[in-house]
$ cat query.pdb   # PDB, C-alpha atoms, pLDDT in the B column
ATOM      1  CA  MET A 297     126.511 129.304 143.803  1.00 90.00           C
ATOM      2  CA  LEU A 298     123.186 127.793 142.766  1.00 94.00           C
ATOM      3  CA  SER A 299     122.367 128.703 139.196  1.00 95.00           C
ATOM      4  CA  GLY A 300     118.848 128.900 137.827  1.00 97.00           C
ATOM      5  CA  TYR A 301     115.554 129.989 139.334  1.00 98.00           C
ATOM      6  CA  ALA A 302     112.056 128.686 139.960  1.00 98.00           C
ATOM      7  CA  THR A 303     110.323 127.645 136.741  1.00 98.00           C
ATOM      8  CA  PRO A 304     106.717 126.778 135.854  1.00 98.00           C
ATOM      9  CA  GLU A 305     107.766 123.296 134.734  1.00 98.00           C
ATOM     10  CA  ALA A 306     109.721 122.450 137.905  1.00 98.00           C
ATOM     11  CA  THR A 307     107.098 123.826 140.285  1.00 98.00           C
ATOM     12  CA  ALA A 308     104.385 121.908 138.410  1.00 98.00           C
ATOM     13  CA  ALA A 309     106.416 118.694 138.721  1.00 98.00           C
ATOM     14  CA  TYR A 310     106.958 119.388 142.411  1.00 98.00           C
ATOM     15  CA  ALA A 311     103.211 119.926 142.882  1.00 98.00           C
ATOM     16  CA  ALA A 312     102.443 116.691 141.045  1.00 98.00           C
ATOM     17  CA  ALA A 313     104.742 114.854 143.457  1.00 98.00           C
ATOM     18  CA  HIS A 314     102.661 116.131 146.388  1.00 98.00           C
ATOM     19  CA  PRO A 315      99.031 115.609 145.310  1.00 98.00           C
ATOM     20  CA  GLU A 316      97.764 115.998 148.874  1.00 97.00           C
ATOM     21  CA  ILE A 317      98.513 119.738 148.727  1.00 98.00           C
ATOM     22  CA  ALA A 318      96.414 122.247 146.752  1.00 98.00           C
ATOM     23  CA  TYR A 319      99.063 124.387 145.078  1.00 98.00           C
ATOM     24  CA  ARG A 320      98.176 127.837 143.826  1.00 98.00           C
ATOM     25  CA  PRO A 321      99.412 130.018 140.967  1.00 98.00           C
ATOM     26  CA  LEU A 322     101.731 132.833 141.974  1.00 98.00           C
ATOM     27  CA  GLY A 323     100.112 135.737 140.179  1.00 96.00           C
ATOM     28  CA  SER A 324     100.807 135.623 136.439  1.00 95.00           C
ATOM     29  CA  THR A 325     104.285 134.092 136.809  1.00 96.00           C
ATOM     30  CA  GLY A 326     103.194 130.587 135.837  1.00 97.00           C
ATOM     31  CA  LEU A 327     104.732 129.269 139.060  1.00 98.00           C
ATOM     32  CA  LEU A 328     102.825 126.993 141.435  1.00 98.00           C
ATOM     33  CA  VAL A 329     103.402 127.477 145.157  1.00 98.00           C
ATOM     34  CA  SER A 330     102.235 125.759 148.313  1.00 98.00           C
ATOM     35  CA  PRO A 331      99.415 127.576 150.174  1.00 97.00           C
ATOM     36  CA  ALA A 332     101.635 127.726 153.264  1.00 97.00           C
ATOM     37  CA  GLY A 333     105.243 128.837 153.057  1.00 98.00           C
ATOM     38  CA  PHE A 334     108.258 128.527 155.332  1.00 98.00           C
ATOM     39  CA  GLY A 335     108.791 131.829 157.169  1.00 98.00           C
ATOM     40  CA  GLY A 336     112.367 132.874 157.801  1.00 97.00           C
ATOM     41  CA  TYR A 337     111.706 135.347 160.607  1.00 97.00           C
ATOM     42  CA  ARG A 338     113.706 134.510 163.760  1.00 95.00           C
ATOM     43  CA  VAL A 339     115.412 131.489 162.225  1.00 97.00           C
ATOM     44  CA  ASP A 340     119.142 131.384 161.584  1.00 96.00           C
ATOM     45  CA  ILE A 341     121.948 129.192 160.369  1.00 98.00           C
ATOM     46  CA  HIS A 342     123.326 128.422 163.827  1.00 97.00           C
ATOM     47  CA  SER A 343     120.689 125.913 164.993  1.00 97.00           C
ATOM     48  CA  HIS A 344     120.358 122.387 163.600  1.00 97.00           C
ATOM     49  CA  ILE A 345     116.663 122.589 164.502  1.00 98.00           C
ATOM     50  CA  PHE A 346     116.124 125.278 161.872  1.00 98.00           C
ATOM     51  CA  HIS A 347     118.136 123.305 159.308  1.00 98.00           C
ATOM     52  CA  ASP A 348     116.018 120.229 159.958  1.00 98.00           C
ATOM     53  CA  ALA A 349     112.739 122.162 159.945  1.00 98.00           C
ATOM     54  CA  LEU A 350     113.414 123.839 156.598  1.00 98.00           C
ATOM     55  CA  ALA A 351     114.708 120.638 155.006  1.00 98.00           C
ATOM     56  CA  LEU A 352     111.635 118.732 156.205  1.00 98.00           C
ATOM     57  CA  ALA A 353     109.273 121.411 154.919  1.00 98.00           C
ATOM     58  CA  LEU A 354     110.915 121.451 151.479  1.00 98.00           C
ATOM     59  CA  GLN A 355     110.802 117.662 151.203  1.00 98.00           C
ATOM     60  CA  GLN A 356     107.183 117.416 152.393  1.00 98.00           C
ATOM     61  CA  GLY A 357     105.632 119.811 149.882  1.00 98.00           C
ATOM     62  CA  VAL A 358     106.405 123.380 150.940  1.00 98.00           C
ATOM     63  CA  ASN A 359     108.041 125.175 148.015  1.00 98.00           C
ATOM     64  CA  LEU A 360     107.584 128.813 149.059  1.00 98.00           C
ATOM     65  CA  VAL A 361     110.256 130.271 151.336  1.00 98.00           C
ATOM     66  CA  ASP A 362     110.095 133.808 152.708  1.00 98.00           C
ATOM     67  CA  THR A 363     113.130 135.513 154.221  1.00 98.00           C
ATOM     68  CA  SER A 364     114.712 138.961 154.417  1.00 98.00           C
ATOM     69  CA  ALA A 365     118.086 140.649 154.646  1.00 98.00           C
ATOM     70  CA  ASN A 366     117.317 141.806 158.193  1.00 96.00           C
ATOM     71  CA  TYR A 367     115.972 138.505 159.555  1.00 98.00           C
ATOM     72  CA  ALA A 368     118.573 137.333 162.083  1.00 98.00           C
ATOM     73  CA  ASP A 369     120.883 139.974 160.620  1.00 97.00           C
ATOM     74  CA  GLY A 370     121.242 138.066 157.349  1.00 98.00           C
ATOM     75  CA  SER A 371     121.634 134.652 158.971  1.00 98.00           C
ATOM     76  CA  SER A 372     118.129 133.636 157.889  1.00 98.00           C
ATOM     77  CA  GLU A 373     119.152 134.038 154.245  1.00 98.00           C
ATOM     78  CA  GLU A 374     122.299 132.025 154.949  1.00 98.00           C
ATOM     79  CA  LEU A 375     120.171 129.220 156.371  1.00 98.00           C
ATOM     80  CA  VAL A 376     117.900 129.155 153.326  1.00 98.00           C
ATOM     81  CA  GLY A 377     120.842 129.133 150.933  1.00 98.00           C
ATOM     82  CA  THR A 378     122.699 126.399 152.805  1.00 98.00           C
ATOM     83  CA  VAL A 379     119.718 124.051 153.125  1.00 98.00           C
ATOM     84  CA  LEU A 380     118.483 124.541 149.571  1.00 98.00           C
ATOM     85  CA  ARG A 381     122.000 124.069 148.186  1.00 98.00           C
ATOM     86  CA  ARG A 382     122.390 120.795 150.104  1.00 98.00           C
ATOM     87  CA  LEU A 383     119.014 119.410 149.038  1.00 98.00           C
ATOM     88  CA  HIS A 384     119.662 120.396 145.423  1.00 98.00           C
ATOM     89  CA  ASP A 385     123.104 118.773 145.411  1.00 97.00           C
ATOM     90  CA  GLU A 386     121.649 115.610 146.951  1.00 97.00           C
ATOM     91  CA  GLY A 387     118.958 115.465 144.275  1.00 97.00           C
ATOM     92  CA  ALA A 388     116.215 115.708 146.909  1.00 98.00           C
ATOM     93  CA  VAL A 389     114.713 119.070 145.911  1.00 98.00           C
ATOM     94  CA  PRO A 390     115.746 120.910 142.728  1.00 98.00           C
ATOM     95  CA  ARG A 391     116.463 124.616 142.975  1.00 98.00           C
ATOM     96  CA  GLU A 392     113.997 125.260 140.148  1.00 98.00           C
ATOM     97  CA  ALA A 393     111.096 123.842 142.194  1.00 98.00           C
ATOM     98  CA  VAL A 394     111.425 126.327 145.069  1.00 98.00           C
ATOM     99  CA  VAL A 395     110.274 129.944 145.044  1.00 98.00           C
ATOM    100  CA  VAL A 396     112.522 132.025 147.285  1.00 98.00           C
ATOM    101  CA  VAL A 397     111.292 135.433 148.383  1.00 98.00           C
ATOM    102  CA  THR A 398     113.574 137.920 150.105  1.00 98.00           C
ATOM    103  CA  LYS A 399     113.296 141.573 150.977  1.00 98.00           C
ATOM    104  CA  GLY A 400     115.322 144.740 151.469  1.00 98.00           C
ATOM    105  CA  GLY A 401     114.840 148.159 153.024  1.00 98.00           C
ATOM    106  CA  TYR A 402     115.605 147.849 156.723  1.00 97.00           C
ATOM    107  CA  ILE A 403     118.991 149.010 157.978  1.00 98.00           C
ATOM    108  CA  GLN A 404     119.797 147.222 161.219  1.00 97.00           C
ATOM    109  CA  GLY A 405     122.640 145.188 162.677  1.00 97.00           C
ATOM    110  CA  GLN A 406     125.508 144.798 160.235  1.00 96.00           C
ATOM    111  CA  ASN A 407     123.771 147.010 157.694  1.00 97.00           C
ATOM    112  CA  TYR A 408     123.455 149.738 160.300  1.00 97.00           C
ATOM    113  CA  GLN A 409     127.178 149.604 161.060  1.00 97.00           C
ATOM    114  CA  ILE A 410     127.929 149.807 157.339  1.00 97.00           C
ATOM    115  CA  SER A 411     125.552 152.752 156.992  1.00 97.00           C
ATOM    116  CA  GLN A 412     127.181 154.598 159.881  1.00 97.00           C
ATOM    117  CA  GLN A 413     130.620 154.052 158.376  1.00 97.00           C
ATOM    118  CA  ARG A 414     129.459 155.317 155.000  1.00 97.00           C
ATOM    119  CA  GLN A 415     127.988 158.423 156.610  1.00 96.00           C
ATOM    120  CA  THR A 416     131.262 159.051 158.448  1.00 97.00           C
ATOM    121  CA  GLU A 417     133.056 158.842 155.098  1.00 97.00           C
ATOM    122  CA  GLY A 418     130.601 161.268 153.501  1.00 97.00           C
ATOM    123  CA  ARG A 419     128.962 158.722 151.219  1.00 97.00           C
ATOM    124  CA  GLY A 420     125.802 157.791 153.097  1.00 97.00           C
ATOM    125  CA  TRP A 421     122.917 156.194 151.246  1.00 97.00           C
ATOM    126  CA  PRO A 422     120.700 158.774 149.475  1.00 97.00           C
ATOM    127  CA  ASP A 423     117.111 159.202 150.669  1.00 97.00           C
ATOM    128  CA  LEU A 424     117.936 157.612 154.017  1.00 96.00           C
ATOM    129  CA  VAL A 425     115.155 157.506 156.620  1.00 96.00           C
ATOM    130  CA  ARG A 426     116.522 157.702 160.172  1.00 94.00           C
ATOM    131  CA  TYR A 427     113.637 155.966 161.856  1.00 92.00           C
ATOM    132  CA  GLY A 428     114.809 155.152 165.367  1.00 92.00           C
ATOM    133  CA  PRO A 429     117.742 154.094 167.529  1.00 94.00           C
ATOM    134  CA  GLU A 430     119.969 151.859 165.385  1.00 95.00           C
ATOM    135  CA  LEU A 431     117.191 151.633 162.799  1.00 96.00           C
ATOM    136  CA  GLU A 432     117.224 153.267 159.387  1.00 97.00           C
ATOM    137  CA  HIS A 433     115.378 152.531 156.183  1.00 98.00           C
ATOM    138  CA  CYS A 434     116.187 153.038 152.525  1.00 98.00           C
ATOM    139  CA  ILE A 435     114.871 151.980 149.115  1.00 98.00           C
ATOM    140  CA  HIS A 436     117.192 154.118 146.974  1.00 98.00           C
ATOM    141  CA  PRO A 437     118.654 152.287 143.936  1.00 98.00           C
ATOM    142  CA  GLN A 438     122.209 152.513 145.280  1.00 98.00           C
ATOM    143  CA  PHE A 439     121.146 150.788 148.483  1.00 98.00           C
ATOM    144  CA  LEU A 440     119.019 148.189 146.714  1.00 98.00           C
ATOM    145  CA  GLU A 441     121.863 147.217 144.383  1.00 98.00           C
ATOM    146  CA  ASP A 442     124.131 146.699 147.389  1.00 98.00           C
ATOM    147  CA  GLN A 443     121.488 144.709 149.245  1.00 98.00           C
ATOM    148  CA  ILE A 444     120.614 142.447 146.331  1.00 98.00           C
ATOM    149  CA  THR A 445     124.308 141.635 145.945  1.00 98.00           C
ATOM    150  CA  ARG A 446     124.584 140.734 149.632  1.00 98.00           C
ATOM    151  CA  SER A 447     121.367 138.702 149.591  1.00 98.00           C
ATOM    152  CA  LEU A 448     122.530 136.700 146.572  1.00 98.00           C
ATOM    153  CA  GLN A 449     125.803 135.943 148.310  1.00 98.00           C
ATOM    154  CA  ARG A 450     124.115 134.805 151.524  1.00 98.00           C
ATOM    155  CA  LEU A 451     121.560 132.727 149.632  1.00 98.00           C
ATOM    156  CA  GLN A 452     124.296 131.245 147.404  1.00 98.00           C
ATOM    157  CA  MET A 453     122.185 132.015 144.333  1.00 98.00           C
ATOM    158  CA  ASP A 454     122.671 133.654 140.966  1.00 97.00           C
ATOM    159  CA  THR A 455     119.043 134.759 140.707  1.00 98.00           C
ATOM    160  CA  LEU A 456     116.321 135.697 143.192  1.00 98.00           C
ATOM    161  CA  ASP A 457     112.799 134.541 142.403  1.00 98.00           C
ATOM    162  CA  VAL A 458     111.002 137.407 144.149  1.00 98.00           C
ATOM    163  CA  TYR A 459     112.416 140.577 145.709  1.00 98.00           C
ATOM    164  CA  LEU A 460     110.199 142.835 147.816  1.00 98.00           C
ATOM    165  CA  LEU A 461     110.607 146.318 149.230  1.00 98.00           C
ATOM    166  CA  HIS A 462     110.338 145.723 152.973  1.00 98.00           C
ATOM    167  CA  ASN A 463     107.832 148.154 154.516  1.00 96.00           C
ATOM    168  CA  PRO A 464     108.580 151.159 152.285  1.00 97.00           C
ATOM    169  CA  GLU A 465     105.705 152.974 154.021  1.00 95.00           C
ATOM    170  CA  TYR A 466     108.144 153.677 156.851  1.00 93.00           C
ATOM    171  CA  TYR A 467     108.849 156.860 154.942  1.00 96.00           C
ATOM    172  CA  LEU A 468     105.274 158.090 155.425  1.00 96.00           C
ATOM    173  CA  SER A 469     105.235 157.536 159.181  1.00 94.00           C
ATOM    174  CA  TRP A 470     108.649 159.218 159.423  1.00 95.00           C
ATOM    175  CA  ALA A 471     107.421 162.174 157.328  1.00 96.00           C
ATOM    176  CA  LYS A 472     104.370 162.576 159.575  1.00 95.00           C
ATOM    177  CA  ARG A 473     106.585 162.568 162.664  1.00 94.00           C
ATOM    178  CA  GLU A 474     108.811 165.182 161.024  1.00 94.00           C
ATOM    179  CA  GLY A 475     105.811 167.428 160.392  1.00 96.00           C
ATOM    180  CA  LYS A 476     105.794 167.138 156.619  1.00 95.00           C
ATOM    181  CA  GLY A 477     102.447 167.799 154.965  1.00 96.00           C
ATOM    182  CA  LEU A 478     100.576 164.776 153.669  1.00 95.00           C
ATOM    183  CA  PRO A 479     100.352 165.866 149.980  1.00 96.00           C
ATOM    184  CA  ALA A 480     104.086 166.567 149.837  1.00 96.00           C
ATOM    185  CA  ALA A 481     104.882 163.349 151.698  1.00 97.00           C
ATOM    186  CA  ARG A 482     102.777 161.296 149.304  1.00 97.00           C
ATOM    187  CA  GLU A 483     104.447 162.899 146.298  1.00 98.00           C
ATOM    188  CA  GLU A 484     107.898 162.189 147.709  1.00 98.00           C
ATOM    189  CA  TYR A 485     106.876 158.628 148.602  1.00 98.00           C
ATOM    190  CA  ALA A 486     105.719 158.040 145.027  1.00 98.00           C
ATOM    191  CA  ARG A 487     109.015 159.408 143.704  1.00 98.00           C
ATOM    192  CA  ARG A 488     110.988 157.000 145.868  1.00 98.00           C
ATOM    193  CA  LEU A 489     108.855 154.060 144.781  1.00 98.00           C
ATOM    194  CA  ARG A 490     109.292 154.960 141.109  1.00 98.00           C
ATOM    195  CA  LEU A 491     113.067 155.075 141.529  1.00 98.00           C
ATOM    196  CA  ALA A 492     113.088 151.767 143.385  1.00 98.00           C
ATOM    197  CA  PHE A 493     110.896 149.957 140.861  1.00 98.00           C
ATOM    198  CA  ALA A 494     112.882 151.350 137.925  1.00 98.00           C
ATOM    199  CA  HIS A 495     116.023 149.919 139.492  1.00 98.00           C
ATOM    200  CA  LEU A 496     114.392 146.571 140.240  1.00 98.00           C
ATOM    201  CA  GLN A 497     113.315 146.378 136.606  1.00 98.00           C
ATOM    202  CA  GLU A 498     116.973 146.873 135.661  1.00 98.00           C
ATOM    203  CA  GLU A 499     117.880 144.034 138.014  1.00 98.00           C
ATOM    204  CA  VAL A 500     115.410 141.809 136.144  1.00 98.00           C
ATOM    205  CA  ALA A 501     117.129 142.733 132.884  1.00 98.00           C
ATOM    206  CA  ARG A 502     120.489 141.858 134.461  1.00 98.00           C
ATOM    207  CA  GLY A 503     119.148 138.454 135.445  1.00 98.00           C
ATOM    208  CA  ARG A 504     119.667 138.949 139.176  1.00 98.00           C
ATOM    209  CA  LEU A 505     115.972 138.670 139.997  1.00 98.00           C
ATOM    210  CA  ARG A 506     112.788 137.508 138.293  1.00 98.00           C
ATOM    211  CA  CYS A 507     109.951 139.362 140.018  1.00 97.00           C
ATOM    212  CA  TYR A 508     109.604 142.277 142.419  1.00 98.00           C
ATOM    213  CA  GLY A 509     107.009 144.172 144.380  1.00 97.00           C
TER     214      GLY A 509
END

$ encode --input "query.pdb" --output "structure tokens"
Amino acid sequence: MLSGYATPEATAAYAAAHPEIAYRPLGSTGLLVSPAGFGGYRVDIHSHIFHDALALALQQGVNLVDTSANYADGSSEELVGTVLRRLHDEGAVPREAVVVVTKGGYIQGQNYQISQQRQTEGRGWPDLVRYGPELEHCIHPQFLEDQITRSLQRLQMDTLDVYLLHNPEYYLSWAKREGKGLPAAREEYARRLRLAFAHLQEEVARGRLRCYG
């Protein structure tokens, strides 16, 4: 597992090594990130082309990587973890210089099979949104804790730099389809967000992630 996380000092040193790129502050974190990031959608660990593309990007000045638990059914996270671990071990790109963003909320693929099994056993995720065929969504703390654990394992990391709720507004479109009134739906949506953010704040305290949104 890769210990550590992105730091202001390491990202500043990385930026100084690539003066041709205008790095930008990431909010109030003190981190500097490249204006363009490497997107992990539809990339996976099984193609050497994706390995080479990510490694090249990280060595040429891109230090912002965006992925998600549901991109390539988790294989996108595996790719990011494998490439970053190799570059770190080789001394080419330190872990602390790269800001890794991942997300949770979607239940598809392997997560969907796990969800179905849990429901069969009578322990389905609370506040589950059954959105479509083989597609569910959840931001309940129990689900998020499980997903953060799985993301850390796939990314081979001890700490996530940024963790995002992936399209939590799915609840509102589902509630509209189910005929729920807008005021009640908004109140319930706010309740779910409060629960999710309270849990993510606990994850910060545990040291498993640094920032969330």

$ residues_around --input "query.pdb" --residues "A:Leu431" --least-positions-apart "6" --cutoff "8 Å" --atoms "all atoms listed in the file" --output "MDAnalysis selection string"
chainID A and resid 402:404 408

$ closest_atom_pairs --input "query.pdb" --of "stretch 384-428 of chain A" --to "stretch 468-471 of chain A" --cutoff "9 Å" --atoms "only C-alpha atoms" --output "tab-separated table"
residue	atom	partner	partner_atom	distance
A:Val425	CA	A:Trp470	CA	7.3
A:Arg426	CA	A:Trp470	CA	8.1
A:Tyr427	CA	A:Trp470	CA	6.4

$ write_last_selection --input "query.pdb" --atoms "C-alpha atoms" --output "mmCIF file, keeping the file's coordinate frame"
data_model
loop_
_atom_site.group_PDB
_atom_site.id
_atom_site.type_symbol
_atom_site.label_atom_id
_atom_site.label_comp_id
_atom_site.auth_asym_id
_atom_site.auth_seq_id
_atom_site.Cartn_x
_atom_site.Cartn_y
_atom_site.Cartn_z
ATOM 1 C CA VAL A 425 115.155 157.506 156.620
ATOM 2 C CA ARG A 426 116.522 157.702 160.172
ATOM 3 C CA TYR A 427 113.637 155.966 161.856
#

$ residues_around --input "query.pdb" --residues "A:Gly357" --least-positions-apart "2" --cutoff "12 Å" --atoms "only C-alpha atoms" --output "PDB file with C-alpha atoms, in the coordinates of the input"
ATOM      1  CA  THR A 307     107.098 123.826 140.285  1.00 98.00           C
ATOM      2  CA  ALA A 308     104.385 121.908 138.410  1.00 98.00           C
ATOM      3  CA  ALA A 309     106.416 118.694 138.721  1.00 98.00           C
ATOM      4  CA  TYR A 310     106.958 119.388 142.411  1.00 98.00           C
ATOM      5  CA  ALA A 311     103.211 119.926 142.882  1.00 98.00           C
ATOM      6  CA  ALA A 312     102.443 116.691 141.045  1.00 98.00           C
ATOM      7  CA  ALA A 313     104.742 114.854 143.457  1.00 98.00           C
ATOM      8  CA  HIS A 314     102.661 116.131 146.388  1.00 98.00           C
ATOM      9  CA  PRO A 315      99.031 115.609 145.310  1.00 98.00           C
ATOM     10  CA  GLU A 316      97.764 115.998 148.874  1.00 97.00           C
ATOM     11  CA  ILE A 317      98.513 119.738 148.727  1.00 98.00           C
ATOM     12  CA  ALA A 318      96.414 122.247 146.752  1.00 98.00           C
ATOM     13  CA  TYR A 319      99.063 124.387 145.078  1.00 98.00           C
ATOM     14  CA  LEU A 328     102.825 126.993 141.435  1.00 98.00           C
ATOM     15  CA  VAL A 329     103.402 127.477 145.157  1.00 98.00           C
ATOM     16  CA  SER A 330     102.235 125.759 148.313  1.00 98.00           C
ATOM     17  CA  PRO A 331      99.415 127.576 150.174  1.00 97.00           C
ATOM     18  CA  ALA A 332     101.635 127.726 153.264  1.00 97.00           C
ATOM     19  CA  GLY A 333     105.243 128.837 153.057  1.00 98.00           C
ATOM     20  CA  PHE A 334     108.258 128.527 155.332  1.00 98.00           C
ATOM     21  CA  LEU A 350     113.414 123.839 156.598  1.00 98.00           C
ATOM     22  CA  ALA A 351     114.708 120.638 155.006  1.00 98.00           C
ATOM     23  CA  LEU A 352     111.635 118.732 156.205  1.00 98.00           C
ATOM     24  CA  ALA A 353     109.273 121.411 154.919  1.00 98.00           C
ATOM     25  CA  LEU A 354     110.915 121.451 151.479  1.00 98.00           C
ATOM     26  CA  GLN A 355     110.802 117.662 151.203  1.00 98.00           C
ATOM     27  CA  ASN A 359     108.041 125.175 148.015  1.00 98.00           C
ATOM     28  CA  LEU A 360     107.584 128.813 149.059  1.00 98.00           C
ATOM     29  CA  VAL A 361     110.256 130.271 151.336  1.00 98.00           C
ATOM     30  CA  ALA A 388     116.215 115.708 146.909  1.00 98.00           C
ATOM     31  CA  VAL A 389     114.713 119.070 145.911  1.00 98.00           C
ATOM     32  CA  ALA A 393     111.096 123.842 142.194  1.00 98.00           C
ATOM     33  CA  VAL A 394     111.425 126.327 145.069  1.00 98.00           C
TER      34      VAL A 394
END

$ residues_around --input "query.pdb" --residues "A:Val396" --least-positions-apart "4" --cutoff "9 Å" --atoms "all atoms listed in the file" --output "MDAnalysis selection string"
chainID A and resid 301:302 359:363 376 456:459

$ write_last_selection --input "query.pdb" --atoms "C-alpha atoms" --output "compact mmCIF listing (two decimals), in the coordinates of the input"
# COMPACT_ATOMS: atom_id res chain seq x y z
CA TYR A 301 115.55 129.99 139.33
CA ALA A 302 112.06 128.69 139.96
CA ASN A 359 108.04 125.18 148.01
CA LEU A 360 107.58 128.81 149.06
CA VAL A 361 110.26 130.27 151.34
CA ASP A 362 110.10 133.81 152.71
CA THR A 363 113.13 135.51 154.22
CA VAL A 376 117.90 129.16 153.33
CA LEU A 456 116.32 135.70 143.19
CA ASP A 457 112.80 134.54 142.40
CA VAL A 458 111.00 137.41 144.15
CA TYR A 459 112.42 140.58 145.71

$ atom_distance --input "query.pdb" --atom1 "atom CA of A:Lys399" --atom2 "atom CA of A:Ile435"
10.7 Å

$ residues_around --input "query.pdb" --residues "A:Leu489" --least-positions-apart "4" --cutoff "12 Å" --atoms "all atoms listed in the file" --output "short mmCIF file (atom, residue, chain, number, x, y, z; two decimals) with C-alpha atoms, keeping the file's coordinate frame"
data_model
loop_
_atom_site.label_atom_id
_atom_site.label_comp_id
_atom_site.auth_asym_id
_atom_site.auth_seq_id
_atom_site.Cartn_x
_atom_site.Cartn_y
_atom_site.Cartn_z
CA GLY A 401 114.84 148.16 153.02
CA ASP A 423 117.11 159.20 150.67
CA CYS A 434 116.19 153.04 152.52
CA ILE A 435 114.87 151.98 149.12
CA HIS A 436 117.19 154.12 146.97
CA PRO A 437 118.65 152.29 143.94
CA LEU A 440 119.02 148.19 146.71
CA LEU A 460 110.20 142.84 147.82
CA LEU A 461 110.61 146.32 149.23
CA HIS A 462 110.34 145.72 152.97
CA ASN A 463 107.83 148.15 154.52
CA PRO A 464 108.58 151.16 152.28
CA GLU A 465 105.70 152.97 154.02
CA TYR A 467 108.85 156.86 154.94
CA LEU A 468 105.27 158.09 155.43
CA ARG A 482 102.78 161.30 149.30
CA GLU A 483 104.45 162.90 146.30
CA GLU A 484 107.90 162.19 147.71
CA TYR A 485 106.88 158.63 148.60
CA PHE A 493 110.90 149.96 140.86
CA ALA A 494 112.88 151.35 137.93
CA HIS A 495 116.02 149.92 139.49
CA LEU A 496 114.39 146.57 140.24
CA GLY A 509 107.01 144.17 144.38
#

$ atom_distance --input "query.pdb" --atom1 "atom CA of A:Gly400" --atom2 "atom CA of A:Ser364"
6.5 Å

$ atom_distance --input "query.pdb" --atom1 "atom CA of A:Arg446" --atom2 "atom CA of A:Asp348"
24.5 Å

$ axis_aligned_box --input "query.pdb" --around "stretch 391-400 of chain A" --padding-each-side "6 Å" --output "lines of an AutoDock Vina configuration file"
center_x = 113.4
center_y = 134.3
center_z = 145.8
size_x = 18.2
size_y = 32.9
size_z = 23.3

$ closest_residue --input "query.pdb" --among "A:Leu491, A:Ile341, A:Leu448, A:Leu322" --to "A:Ser371" --atoms "only C-alpha atoms"
A:Ile341

$ resolve_selection --input "query.pdb" --expression "the PyMOL selection byres ((chain A and resi 417-420) around 12)" --output "list of chain:residue names"
A:Asn407, A:Tyr408, A:Gln409, A:Ile410, A:Ser411, A:Gln412, A:Gln413, A:Arg414, A:Gln415, A:Thr416, A:Trp421, A:Pro422, A:Asp423, A:Leu424, A:Val425, A:Arg426, A:Glu432, A:Cys434, A:His436, A:Gln438, A:Phe439

$ closest_residue --input "query.pdb" --among "A:Glu374, A:Glu305, A:Asp442, A:Glu386" --to "A:Ser343" --atoms "all atoms listed in the file"
A:Glu374

$ closest_residue --input "query.pdb" --among "A:Leu451, A:Gly475, A:Ile444, A:Ser324" --to "A:Val500" --atoms "only C-alpha atoms"
A:Ile444
